[in-house]
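Raw contents of target.txt, compact mmCIF, C-alpha atoms:
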```
# COMPACT_ATOMS: atom_id res chain seq x y z
CA MET U 8 26.48 41.43 -5.14
CA THR U 9 28.13 41.22 -1.75
CA SER U 10 30.82 38.65 -1.13
CA GLN U 11 33.68 37.80 1.12
CA ALA U 12 35.44 34.82 -0.45
CA ASN U 13 38.35 32.97 1.14
CA PRO U 14 40.32 29.93 0.04
CA LEU U 15 40.62 27.06 2.48
CA ASP U 16 43.33 28.40 4.75
CA ALA U 17 45.25 27.34 7.80
CA ALA U 18 42.58 28.65 10.15
CA ILE U 19 40.12 26.03 9.02
CA LEU U 20 42.56 23.30 8.07
CA GLU U 21 44.48 23.23 11.32
CA ARG U 22 43.05 22.49 14.77
CA PRO U 23 46.19 21.32 16.63
CA GLU U 24 44.42 20.06 19.73
CA GLU U 25 42.26 17.75 17.62
CA GLY U 26 45.04 16.85 15.21
CA ARG U 27 47.17 15.23 17.91
CA LYS U 28 44.26 12.96 18.88
CA GLU U 29 43.64 11.85 15.30
CA LYS U 30 47.28 10.87 14.68
CA ALA U 31 46.72 7.79 16.83
CA GLU U 32 45.35 6.10 13.72
CA LYS U 33 46.10 6.47 10.04
CA VAL U 34 44.47 9.56 8.56
CA ASP U 35 43.81 8.93 4.88
CA PHE U 36 40.56 10.84 4.34
CA LYS U 37 39.85 14.52 4.95
CA MET U 38 36.46 16.14 4.82
CA VAL U 39 35.09 19.64 5.20
CA THR U 40 32.38 19.52 7.85
CA PHE U 41 29.27 21.66 8.04
CA SER U 42 25.78 21.71 9.50
CA LEU U 43 22.57 21.27 7.56
CA GLY U 44 19.12 21.11 9.09
CA GLY U 45 20.50 20.58 12.59
CA LYS U 46 22.77 17.66 11.68
CA GLU U 47 26.50 17.42 11.01
CA TYR U 48 27.69 16.59 7.50
CA GLY U 49 30.97 16.17 5.65
CA ILE U 50 32.21 16.39 2.05
CA ASP U 51 35.44 14.97 0.67
CA ILE U 52 37.93 17.83 0.70
CA MET U 53 39.00 16.85 -2.83
CA ASN U 54 35.64 18.16 -4.08
CA VAL U 55 35.93 21.46 -2.20
CA LYS U 56 37.63 24.22 -4.19
CA GLU U 57 37.20 26.90 -1.52
CA ILE U 58 34.76 28.37 0.96
CA ALA U 59 33.04 31.74 0.92
CA ARG U 60 30.60 34.01 2.68
CA ALA U 61 28.35 35.53 0.04
CA GLY U 62 24.94 37.08 -0.41
CA ARG U 63 22.72 38.90 -2.90
CA PHE U 64 23.13 36.34 -5.63
CA THR U 65 21.99 37.39 -9.08
CA TYR U 66 18.43 36.21 -9.49
CA VAL U 67 17.62 33.95 -12.47
CA PRO U 68 13.87 33.76 -13.20
CA ASN U 69 11.90 30.53 -13.64
CA VAL U 70 14.48 28.12 -12.26
CA ALA U 71 14.05 25.29 -9.77
CA PRO U 72 13.44 26.46 -6.17
CA PHE U 73 16.77 25.14 -4.93
CA VAL U 74 18.74 27.30 -7.42
CA ARG U 75 19.34 30.59 -5.57
CA GLY U 76 20.84 32.29 -8.61
CA VAL U 77 24.31 32.87 -10.04
CA TYR U 78 27.43 34.25 -8.40
CA ASN U 79 30.47 36.06 -9.77
CA LEU U 80 33.47 34.16 -8.46
CA ARG U 81 36.39 36.35 -9.46
CA GLY U 82 35.08 36.73 -13.00
CA ASP U 83 33.56 33.26 -13.39
CA ILE U 84 29.75 32.98 -13.28
CA ILE U 85 28.70 29.92 -11.27
CA SER U 86 25.36 28.49 -10.16
CA VAL U 87 24.45 28.62 -6.48
CA ILE U 88 22.36 25.75 -5.11
CA ASP U 89 20.75 25.75 -1.68
CA LEU U 90 21.21 22.22 -0.33
CA ARG U 91 18.57 22.83 2.33
CA VAL U 92 15.90 23.52 -0.28
CA MET U 93 17.13 20.73 -2.57
CA PHE U 94 16.68 18.16 0.20
CA HIS U 95 13.55 19.72 1.72
CA LEU U 96 15.26 20.67 4.98
CA PRO U 97 14.20 23.60 7.19
CA VAL U 98 15.65 26.99 6.25
CA GLU U 99 16.00 29.70 8.87
CA LYS U 100 14.53 33.00 7.68
CA ARG U 101 17.25 35.65 7.21
CA GLU U 102 17.59 39.20 6.02
CA GLU U 103 17.65 39.61 2.25
CA ASP U 104 21.26 40.79 2.17
CA ALA U 105 22.54 38.37 4.85
CA LEU U 106 25.72 36.50 3.97
CA GLU U 107 25.36 32.76 3.43
CA SER U 108 27.89 30.02 4.12
CA LEU U 109 29.01 28.84 0.71
CA LEU U 110 31.06 25.81 -0.31
CA ILE U 111 32.57 26.15 -3.79
CA LEU U 112 32.62 22.63 -5.19
CA ARG U 113 34.19 21.03 -8.23
CA VAL U 114 32.59 17.90 -9.68
CA GLU U 115 34.15 16.67 -12.90
CA ASP U 116 34.37 19.81 -15.10
CA HIS U 117 31.74 21.80 -13.22
CA VAL U 118 32.30 24.42 -10.54
CA PHE U 119 29.35 25.64 -8.52
CA GLY U 120 28.41 26.80 -5.04
CA VAL U 121 26.21 25.15 -2.44
CA ILE U 122 24.67 26.93 0.53
CA VAL U 123 24.75 25.27 3.96
CA ASP U 124 23.79 26.46 7.43
CA SER U 125 27.36 26.86 8.69
CA ILE U 126 30.84 25.59 7.88
CA ASP U 127 32.84 24.09 10.73
CA LYS U 128 36.30 22.71 10.02
CA VAL U 129 38.34 20.11 8.18
CA VAL U 130 38.41 16.71 9.90
CA GLY U 131 40.92 13.97 9.11
CA ILE U 132 39.83 10.38 9.65
CA SER U 133 40.70 6.84 8.65
CA ARG U 134 38.67 5.50 5.75
CA SER U 135 38.27 2.24 7.65
CA SER U 136 36.24 4.07 10.34
CA ILE U 137 33.53 5.06 7.84
CA GLN U 138 30.41 2.95 8.38
CA PRO U 139 27.86 2.11 5.65
CA PRO U 140 24.97 4.57 5.27
CA HIS U 141 21.52 3.92 6.66
CA PRO U 142 18.23 5.86 6.18
CA ILE U 143 17.82 6.54 9.92
CA PHE U 144 20.96 8.67 10.08
CA GLY U 145 19.85 11.61 8.00
CA ASP U 146 17.09 13.54 6.35
CA ILE U 147 18.86 13.18 3.00
CA ASN U 148 18.14 10.12 0.87
CA VAL U 149 20.49 7.26 1.74
CA LYS U 150 21.51 6.92 -1.91
CA TYR U 151 23.50 10.14 -1.64
CA ILE U 152 25.21 9.32 1.64
CA ARG U 153 28.74 7.94 1.34
CA GLY U 154 28.87 6.76 4.92
CA ILE U 155 28.64 7.61 8.61
CA VAL U 156 31.58 8.34 10.91
CA GLU U 157 32.01 9.37 14.54
CA ASN U 158 34.77 11.82 15.43
CA ALA U 159 35.41 13.76 18.63
CA GLY U 160 31.96 12.93 19.97
CA LYS U 161 30.12 14.02 16.81
CA LEU U 162 28.35 11.85 14.26
CA TYR U 163 29.03 13.02 10.70
CA ILE U 164 27.00 12.07 7.64
CA ILE U 165 29.37 12.06 4.67
CA LEU U 166 27.66 13.13 1.45
CA ASP U 167 28.70 11.67 -1.89
CA ILE U 168 28.73 14.85 -3.98
CA ALA U 169 29.65 12.96 -7.14
CA LYS U 170 26.46 10.89 -6.87
CA ILE U 171 24.29 13.90 -6.11
CA PHE U 172 25.54 15.97 -9.03
CA SER U 173 26.92 13.42 -11.50
CA PRO U 174 24.44 10.86 -12.90
CA LYS U 175 27.21 9.42 -15.08
CA ALA U 176 29.19 8.33 -12.03
CA GLU U 177 26.14 6.63 -10.54
CA ARG U 178 25.36 4.71 -13.74
CA GLU U 179 28.91 3.41 -13.93
CA GLU U 180 29.03 2.37 -10.28
CA HIS U 181 25.61 0.70 -10.02
CA PRO U 182 24.47 -0.33 -13.49
CA ALA U 183 21.95 -2.87 -12.15
CA HIS U 184 20.28 -0.49 -9.74
CA TYR U 185 18.47 2.77 -10.00
CA GLU U 186 20.17 5.70 -11.65
CA ALA U 187 20.69 8.69 -9.43
CA PRO U 188 18.28 11.52 -10.22
CA ALA U 189 20.10 14.07 -12.32
CA ALA U 190 21.00 17.24 -10.46
CA ALA U 191 21.08 20.76 -11.75
CA THR U 192 23.85 21.24 -14.29
CA PRO U 193 25.70 24.48 -13.55
CA PRO U 194 25.71 27.01 -16.38
CA ALA U 195 28.82 27.85 -18.38
CA ARG U 196 31.54 29.35 -16.24
CA THR U 197 31.94 32.47 -18.37
CA GLY U 198 29.32 34.95 -19.46
CA ALA U 199 25.76 35.50 -18.34
CA PRO U 200 22.92 33.30 -19.65
CA GLY U 201 21.01 34.79 -22.57
CA PRO U 202 17.19 34.68 -22.98
CA ALA U 203 17.18 31.45 -25.02
CA ALA U 204 19.52 29.76 -22.55
CA ALA U 205 17.35 30.93 -19.64
CA ARG U 206 14.24 29.40 -21.19
CA SER U 207 15.88 26.07 -21.93
CA GLY U 208 17.51 26.14 -18.51
CA THR U 209 14.09 26.64 -16.90
CA GLU U 210 12.68 23.60 -18.61
CA ARG U 211 15.72 21.55 -17.68
CA SER U 212 15.54 22.69 -14.06
CA GLN U 213 11.89 21.74 -13.76
CA THR U 214 12.56 18.35 -15.32
CA VAL U 215 15.60 17.80 -13.11
CA GLU U 216 13.67 18.67 -9.95
CA ALA U 217 10.83 16.29 -10.87
CA GLU U 218 13.28 13.49 -11.68
CA MET U 219 15.19 14.06 -8.47
CA THR U 220 12.05 13.97 -6.31
CA SER U 221 10.78 10.92 -8.17
CA GLY U 222 14.12 9.21 -7.58
CA PHE U 223 13.96 9.99 -3.87
CA VAL U 224 10.50 8.43 -3.66
CA LYS U 225 11.68 5.30 -5.49
CA GLU U 226 14.57 4.94 -3.08
CA GLY U 227 12.26 5.45 -0.11
CA LEU U 228 9.93 2.71 -1.33
CA TYR U 229 12.84 0.31 -1.67
CA SER U 230 14.42 1.28 1.67
CA PHE U 231 11.26 1.04 3.75
CA ARG U 232 9.17 -1.61 1.94
CA HIS U 233 11.61 -3.28 -0.48
CA PHE U 234 9.34 -2.16 -3.32
CA ALA U 235 11.49 -1.88 -6.44
CA VAL U 236 10.25 0.37 -9.24
CA THR U 237 11.17 -1.26 -12.56
CA ALA U 238 9.52 -1.95 -15.92
CA VAL U 239 7.22 -4.34 -14.02
CA ASN U 240 5.40 -1.47 -12.30
CA GLU U 241 6.79 1.76 -13.79
CA ALA U 242 3.47 2.71 -15.42
CA TRP U 243 1.65 2.46 -12.09
CA PHE U 244 4.42 4.41 -10.33
CA ARG U 245 4.22 7.32 -12.79
CA THR U 246 0.47 7.59 -12.35
CA ARG U 247 0.71 7.30 -8.57
CA PHE U 248 3.54 9.85 -8.38
CA SER U 249 1.38 12.39 -10.24
CA GLU U 250 -1.41 11.75 -7.72
CA TRP U 251 1.11 12.06 -4.88
CA GLU U 252 2.19 15.48 -6.14
CA ARG U 253 -1.42 16.66 -6.20
CA LEU U 254 -2.24 15.19 -2.79
CA ARG U 255 0.83 16.72 -1.14
CA LYS U 256 0.99 19.96 -3.05
CA GLY U 257 3.05 22.46 -1.08
CA THR U 258 4.39 19.80 1.31
CA ASP U 259 7.31 17.39 1.40
CA LEU U 260 6.96 14.63 -1.20
CA GLN U 261 9.77 12.44 0.14
CA LEU U 262 9.22 9.26 2.17
CA HIS U 263 10.81 9.55 5.60
CA GLU U 264 9.33 6.49 7.33
CA GLU U 265 7.43 3.27 6.72
CA ALA U 266 4.07 5.02 7.13
CA ASP U 267 4.94 7.33 4.21
CA ALA U 268 5.84 4.35 2.02
CA ASP U 269 2.59 2.59 2.98
CA ALA U 270 0.62 5.72 2.11
CA PHE U 271 2.29 5.94 -1.30
CA LEU U 272 1.62 2.23 -1.98
CA ASP U 273 -2.05 2.60 -1.09
CA GLY U 274 -3.96 1.34 -4.12
CA PHE U 275 -1.15 -0.80 -5.53
CA SER U 276 -2.38 -4.17 -4.26
CA SER U 277 -4.55 -6.30 -6.51
CA PRO U 278 -8.27 -6.67 -5.75
CA TYR U 279 -9.16 -8.90 -2.81
CA THR U 280 -5.62 -9.20 -1.47
CA GLY U 281 -5.76 -11.09 1.84
CA THR U 282 -9.27 -12.43 1.34
CA LEU U 283 -11.23 -14.72 -0.97
CA TRP U 284 -11.83 -13.12 -4.35
CA GLY U 285 -15.15 -11.43 -4.80
CA ALA U 286 -17.56 -12.77 -7.41
CA ASP U 287 -16.52 -10.09 -9.92
CA TYR U 288 -12.81 -10.92 -9.81
CA LEU U 289 -13.49 -14.67 -9.64
CA ASP U 290 -15.54 -14.36 -12.84
CA ALA U 291 -12.79 -12.23 -14.46
CA VAL U 292 -10.11 -14.85 -13.76
CA THR U 293 -12.38 -17.70 -14.86
CA SER U 294 -13.18 -15.98 -18.14
CA CYS U 295 -9.51 -15.41 -19.03
CA LEU U 296 -8.55 -19.06 -18.49
CA PRO U 297 -7.89 -20.74 -21.86
CA GLU U 298 -10.08 -23.43 -23.32
CA THR U 299 -8.36 -26.80 -23.17
CA ASP U 300 -9.12 -30.45 -23.78
CA GLY U 301 -6.40 -31.52 -21.35
CA ARG U 302 -7.31 -33.92 -18.59
CA SER U 303 -4.77 -32.53 -16.15
CA LEU U 304 -3.58 -29.06 -15.24
CA ASN U 305 -0.41 -28.11 -13.40
CA VAL U 306 -0.52 -24.71 -11.67
CA TRP U 307 2.11 -22.70 -9.78
CA ASN U 308 1.16 -20.04 -7.23
CA PRO U 309 4.35 -18.50 -5.75
CA GLY U 310 3.85 -15.85 -3.07
CA CYS U 311 0.51 -17.32 -2.00
CA GLY U 312 0.63 -15.76 1.48
CA LYS U 313 -2.03 -17.15 3.81
CA GLY U 314 -3.66 -19.05 0.97
CA PHE U 315 -6.78 -16.99 0.22
CA GLU U 316 -5.89 -16.51 -3.43
CA THR U 317 -4.88 -20.17 -3.78
CA TRP U 318 -8.29 -21.33 -2.53
CA SER U 319 -9.94 -18.78 -4.81
CA LEU U 320 -7.94 -19.97 -7.81
CA ALA U 321 -8.73 -23.61 -7.06
CA CYS U 322 -12.45 -22.82 -7.19
CA ALA U 323 -12.05 -20.86 -10.43
CA LEU U 324 -10.27 -23.84 -12.00
CA ARG U 325 -12.95 -26.23 -10.75
CA ARG U 326 -15.65 -24.07 -12.34
CA LYS U 327 -13.76 -23.83 -15.65
CA TYR U 328 -12.49 -27.41 -15.83
CA PRO U 329 -14.86 -29.57 -13.72
CA GLN U 330 -13.50 -32.87 -15.10
CA ALA U 331 -9.79 -32.05 -15.10
CA ARG U 332 -7.26 -33.29 -12.57
CA VAL U 333 -5.72 -30.12 -11.09
CA LYS U 334 -2.49 -29.79 -9.11
CA ILE U 335 -1.59 -26.43 -7.56
CA TRP U 336 1.86 -25.87 -6.06
CA ALA U 337 1.39 -22.95 -3.66
CA ASN U 338 4.62 -21.51 -2.18
CA ASP U 339 5.54 -18.74 0.20
CA SER U 340 8.65 -17.81 2.20
CA ASP U 341 6.52 -16.70 5.20
CA LEU U 342 6.61 -19.83 7.36
CA LEU U 343 3.78 -18.77 9.67
CA ALA U 344 1.46 -17.85 6.79
CA ILE U 345 2.10 -21.02 4.79
CA SER U 346 1.65 -23.17 7.91
CA MET U 347 -1.84 -21.75 8.48
CA ALA U 348 -2.97 -21.91 4.85
CA PRO U 349 -3.99 -25.62 4.63
CA ASN U 350 -6.18 -25.47 7.74
CA MET U 351 -8.37 -22.45 7.01
CA VAL U 352 -11.91 -22.57 8.39
CA PHE U 353 -14.62 -20.19 7.14
CA ASP U 354 -17.87 -18.68 8.32
CA VAL U 355 -20.25 -19.65 5.55
CA ASP U 356 -22.17 -16.37 5.86
CA GLU U 357 -18.98 -14.42 5.07
CA VAL U 358 -17.99 -16.51 2.05
CA PRO U 359 -19.04 -15.08 -1.36
CA GLU U 360 -21.87 -17.01 -2.96
CA PRO U 361 -19.89 -18.65 -5.83
CA TYR U 362 -17.72 -20.57 -3.33
CA ARG U 363 -20.48 -22.10 -1.25
CA GLU U 364 -21.06 -25.07 -3.55
CA PHE U 365 -17.48 -26.15 -2.78
CA LEU U 366 -17.80 -25.95 1.02
CA VAL U 367 -18.47 -28.75 3.50
CA LYS U 368 -19.24 -28.40 7.19
CA GLY U 369 -16.73 -29.78 9.65
CA ARG U 370 -16.41 -29.88 13.42
CA ASN U 371 -14.90 -26.40 13.71
CA GLY U 372 -16.64 -24.71 10.80
CA TRP U 373 -16.80 -24.74 7.03
CA THR U 374 -13.89 -25.91 4.87
CA PHE U 375 -13.47 -26.61 1.19
CA ASP U 376 -14.44 -30.08 0.00
CA PRO U 377 -11.82 -32.83 -0.40
CA ALA U 378 -11.55 -32.39 -4.17
CA ILE U 379 -10.47 -28.76 -3.73
CA ARG U 380 -8.27 -29.47 -0.73
CA ASP U 381 -6.49 -32.40 -2.39
CA SER U 382 -5.63 -30.28 -5.44
CA ILE U 383 -3.41 -27.88 -3.45
CA PHE U 384 0.11 -28.54 -2.17
CA PHE U 385 1.11 -25.76 0.23
CA GLU U 386 4.88 -25.59 0.72
CA PHE U 387 7.37 -23.31 2.46
CA HIS U 388 9.66 -22.16 -0.35
CA ASP U 389 11.54 -19.09 -1.57
CA VAL U 390 10.97 -18.44 -5.26
CA LEU U 391 14.55 -17.17 -5.56
CA ASN U 392 15.84 -20.68 -4.86
CA SER U 393 15.67 -23.61 -7.27
CA ASN U 394 12.09 -24.37 -8.31
CA PRO U 395 11.95 -28.09 -9.20
CA LEU U 396 8.47 -28.10 -10.74
CA PRO U 397 7.22 -29.88 -13.85
CA PRO U 398 6.09 -27.73 -16.81
CA VAL U 399 2.98 -25.80 -15.75
CA ASP U 400 -0.13 -24.57 -17.57
CA LEU U 401 -0.75 -21.54 -15.35
CA ILE U 402 1.30 -19.31 -13.05
CA LEU U 403 -0.49 -16.98 -10.64
CA CYS U 404 1.87 -14.50 -8.99
CA ARG U 405 0.08 -11.35 -7.88
CA ASP U 406 2.06 -8.44 -6.41
CA MET U 407 5.13 -10.50 -5.49
CA LEU U 408 7.56 -9.43 -8.22
CA SER U 409 7.42 -5.76 -7.21
CA PHE U 410 8.88 -6.60 -3.80
CA LEU U 411 11.99 -8.25 -5.23
CA ALA U 412 15.22 -6.49 -6.15
CA PRO U 413 15.38 -5.41 -9.82
CA GLU U 414 17.79 -8.15 -10.87
CA GLU U 415 15.70 -10.72 -8.96
CA GLN U 416 12.57 -9.70 -10.82
CA GLY U 417 14.24 -10.47 -14.13
CA ARG U 418 15.54 -13.80 -12.86
CA VAL U 419 12.09 -14.90 -11.63
CA LEU U 420 10.39 -13.85 -14.88
CA ASN U 421 12.95 -15.92 -16.79
CA ASP U 422 12.15 -18.88 -14.53
CA PHE U 423 8.43 -18.38 -15.20
CA HIS U 424 9.17 -18.39 -18.93
CA GLU U 425 11.04 -21.69 -18.65
CA LYS U 426 8.43 -23.40 -16.48
CA LEU U 427 5.35 -22.30 -18.45
CA LYS U 428 4.11 -24.49 -21.29
CA GLY U 429 3.86 -23.00 -24.75
CA ALA U 430 0.14 -22.25 -24.47
CA GLY U 431 0.32 -21.43 -20.76
CA LEU U 432 -0.91 -18.33 -18.95
CA LEU U 433 0.87 -15.99 -16.53
CA ILE U 434 -1.26 -13.81 -14.22
CA LEU U 435 0.48 -10.97 -12.36
CA GLY U 436 -0.82 -8.28 -10.03
CA THR U 437 -3.31 -5.80 -11.43
CA ASN U 438 -0.68 -3.04 -11.49
CA GLU U 439 2.17 -5.20 -12.79
CA THR U 440 3.22 -6.08 -16.32
CA ALA U 441 5.54 -8.54 -18.05
CA ALA U 442 5.14 -6.94 -21.48
CA THR U 443 8.59 -7.54 -22.98
CA ASP U 444 9.92 -9.33 -26.05
CA ALA U 445 9.44 -12.59 -24.15
CA TRP U 446 5.80 -11.97 -23.14
CA LYS U 447 2.69 -10.63 -24.82
CA PRO U 448 -0.28 -9.15 -22.91
CA LEU U 449 -3.70 -10.72 -23.27
CA SER U 450 -6.90 -8.68 -23.29
CA SER U 451 -8.48 -9.77 -20.04
CA GLY U 452 -10.08 -6.74 -18.43
CA ALA U 453 -9.37 -6.57 -14.70
CA VAL U 454 -6.82 -9.41 -14.84
CA SER U 455 -3.20 -8.72 -15.83
CA ALA U 456 -2.55 -11.82 -17.97
CA PHE U 457 0.30 -12.72 -20.32
CA ALA U 458 1.29 -15.47 -22.71
CA LYS U 459 4.72 -16.42 -24.01
CA ALA U 460 5.60 -14.42 -27.11
```

Let me see whether you can do it: turn the structure in this file into structure tokens.
Amino acid sequence: MTSQANPLDAAILERPEEGRKEKAEKVDFKMVTFSLGGKEYGIDIMNVKEIARAGRFTYVPNVAPFVRGVYNLRGDIISVIDLRVMFHLPVEKREEDALESLLILRVEDHVFGVIVDSIDKVVGISRSSIQPPHPIFGDINVKYIRGIVENAGKLYIILDIAKIFSPKAEREEHPAHYEAPAAATPPARTGAPGPAAARSGTERSQTVEAEMTSGFVKEGLYSFRHFAVTAVNEAWFRTRFSEWERLRKGTDLQLHEEADADAFLDGFSSPYTGTLWGADYLDAVTSCLPETDGRSLNVWNPGCGKGFETWSLACALRRKYPQARVKIWANDSDLLAISMAPNMVFDVDEVPEPYREFLVKGRNGWTFDPAIRDSIFFEFHDVLNSNPLPPVDLILCRDMLSFLAPEEQGRVLNDFHEKLKGAGLLILGTNETAATDAWKPLSSGAVSAFAKA
């Protein structure tokens, strides 16, 4: 094991010519700066125990790829983690015995080393100059970025080491949001790991790596498409993530742009999104509607978009309850879409057969007959605002909940529970669920339907 360890000394802490410039404003935050994947980063100096140049780390078999091995730091055995590999950044090929730039960090009771491309200096700044993080500023997930700051013509991305390596801190700080993926827990500081510890450590490392990557993907979905993975869609996400691993085997699994998020979400949308339902789905919805002797039906369709599913639902209700008086409140917060919805005109040859009995020919093309049209009230409305509706018999809300923040999803489901009559029906997206103590799933084949528990 070759090493050349040095504590943080005056050579790195003091740059007089820069120090004079920084004294113009209050300096109340110091960070050790370094490069990683061609960008400039910083870490709170309070987390940095010392710096080192080290190589030939002791290899530990069957650990996560980002764990380079263990290192003897003056008698203490510490883990060494390569941040470049952990965050899927490019790594320049080097000689086997080449010395690496090593930051010795302390997080809570753990001491461990992280490898970076190169260590620069200590920079003092004002905390007030730190700007909020944003995904476009770095290749590392925004969740683990403390902020962005410009100093001496350089843009620094400040990492939040506590969030990267301490899931406890993340849970306490953001209890309503996602938990940070757990990072590798450094081994005990004294003694070498035995065979049993190595085996259990291997399993933990593999689990940790999978959880970390999964967490990155969740954050990417929320950052780029506001898709929040919660109990509403967790089952679909797990299945899709397994597919994603197979599809991208040997490549980067993270989502770096909107196109990546769209690719991951491929297959999430319910059947016939953005068009009239096909005969198969129309029959499936019709068959799951409850039998009722009621003469009137109140229906709520939040997130109706351009209105295709509202028109489809109106026809399903007409087929199921031909004598009933139906009222459908169809809402959406997209003003352009909801403005176009009432005036849709169709080409009869492109309309599925089951709908044609409800069509009439007008001057500009085919539209639904007055009975269908008069049953729908299209309205510009945000479901997160007050929803002054009477008690309803049916709520159709496909694929909308998943694109709300986690706490908003719970609030809207509670509102659905209040608005729905005792024997009412809730229909969500095909890959969504409301199966909680408040809701019970109904066996309905292709339709994700629920009743109040």

Practice problem: Using only C-alpha atoms, determine which residues lie at most 8 Å from U:Glu226, disregarding the query and same-chain residues fewer than 4 positions distant; provide the list as number ranges by chain. | Solution: U: 148-150, 222, 230

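Of the listed residues (U:Tyr151, U:Phe223, U:Trp307, U:Tyr362), U:Trp307 comes nearest to U:Val333; the distances count all atoms listed in the file.
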
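Taking atom CA of U:Lys313 and atom CA of U:Leu343 as endpoints, the distance between them is 8.4 Å.
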
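In terms of minimum interatomic distance to U:Cys311, U:Met407 ranks closest within U:Met351, U:Met407, U:Val114, U:Leu90, counting all atoms listed in the file.
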
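For the set U:Thr246, U:Asn394, U:Ser319, U:Ser409, the residue with the smallest atom-to-atom gap to U:Arg380 is U:Ser319, counting all atoms listed in the file.
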
Exercise. Between U:Ile50, U:Ile152, U:Leu433, U:Leu391, single out the one closest to U:Val292, counting all atoms listed in the file.
Key: U:Leu433

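Across the model, the gap from atom CA of U:Val239 to atom CA of U:Glu439 is 5.3 Å.
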
Exercise. Rank nothing, just name the residue among U:Gly82, U:Gly310, U:Pro297, U:Pro139 nearest to U:Leu432, using only C-alpha atoms.
Key: U:Pro297

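Among the candidates U:Asp356, U:Asp444, U:Asp389, U:Asp124, the one nearest to U:Glu99 when counting only C-alpha atoms is U:Asp124.
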
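For the pair atom CA of U:Asp269 and atom CA of U:Tyr229, the separation is 11.5 Å.
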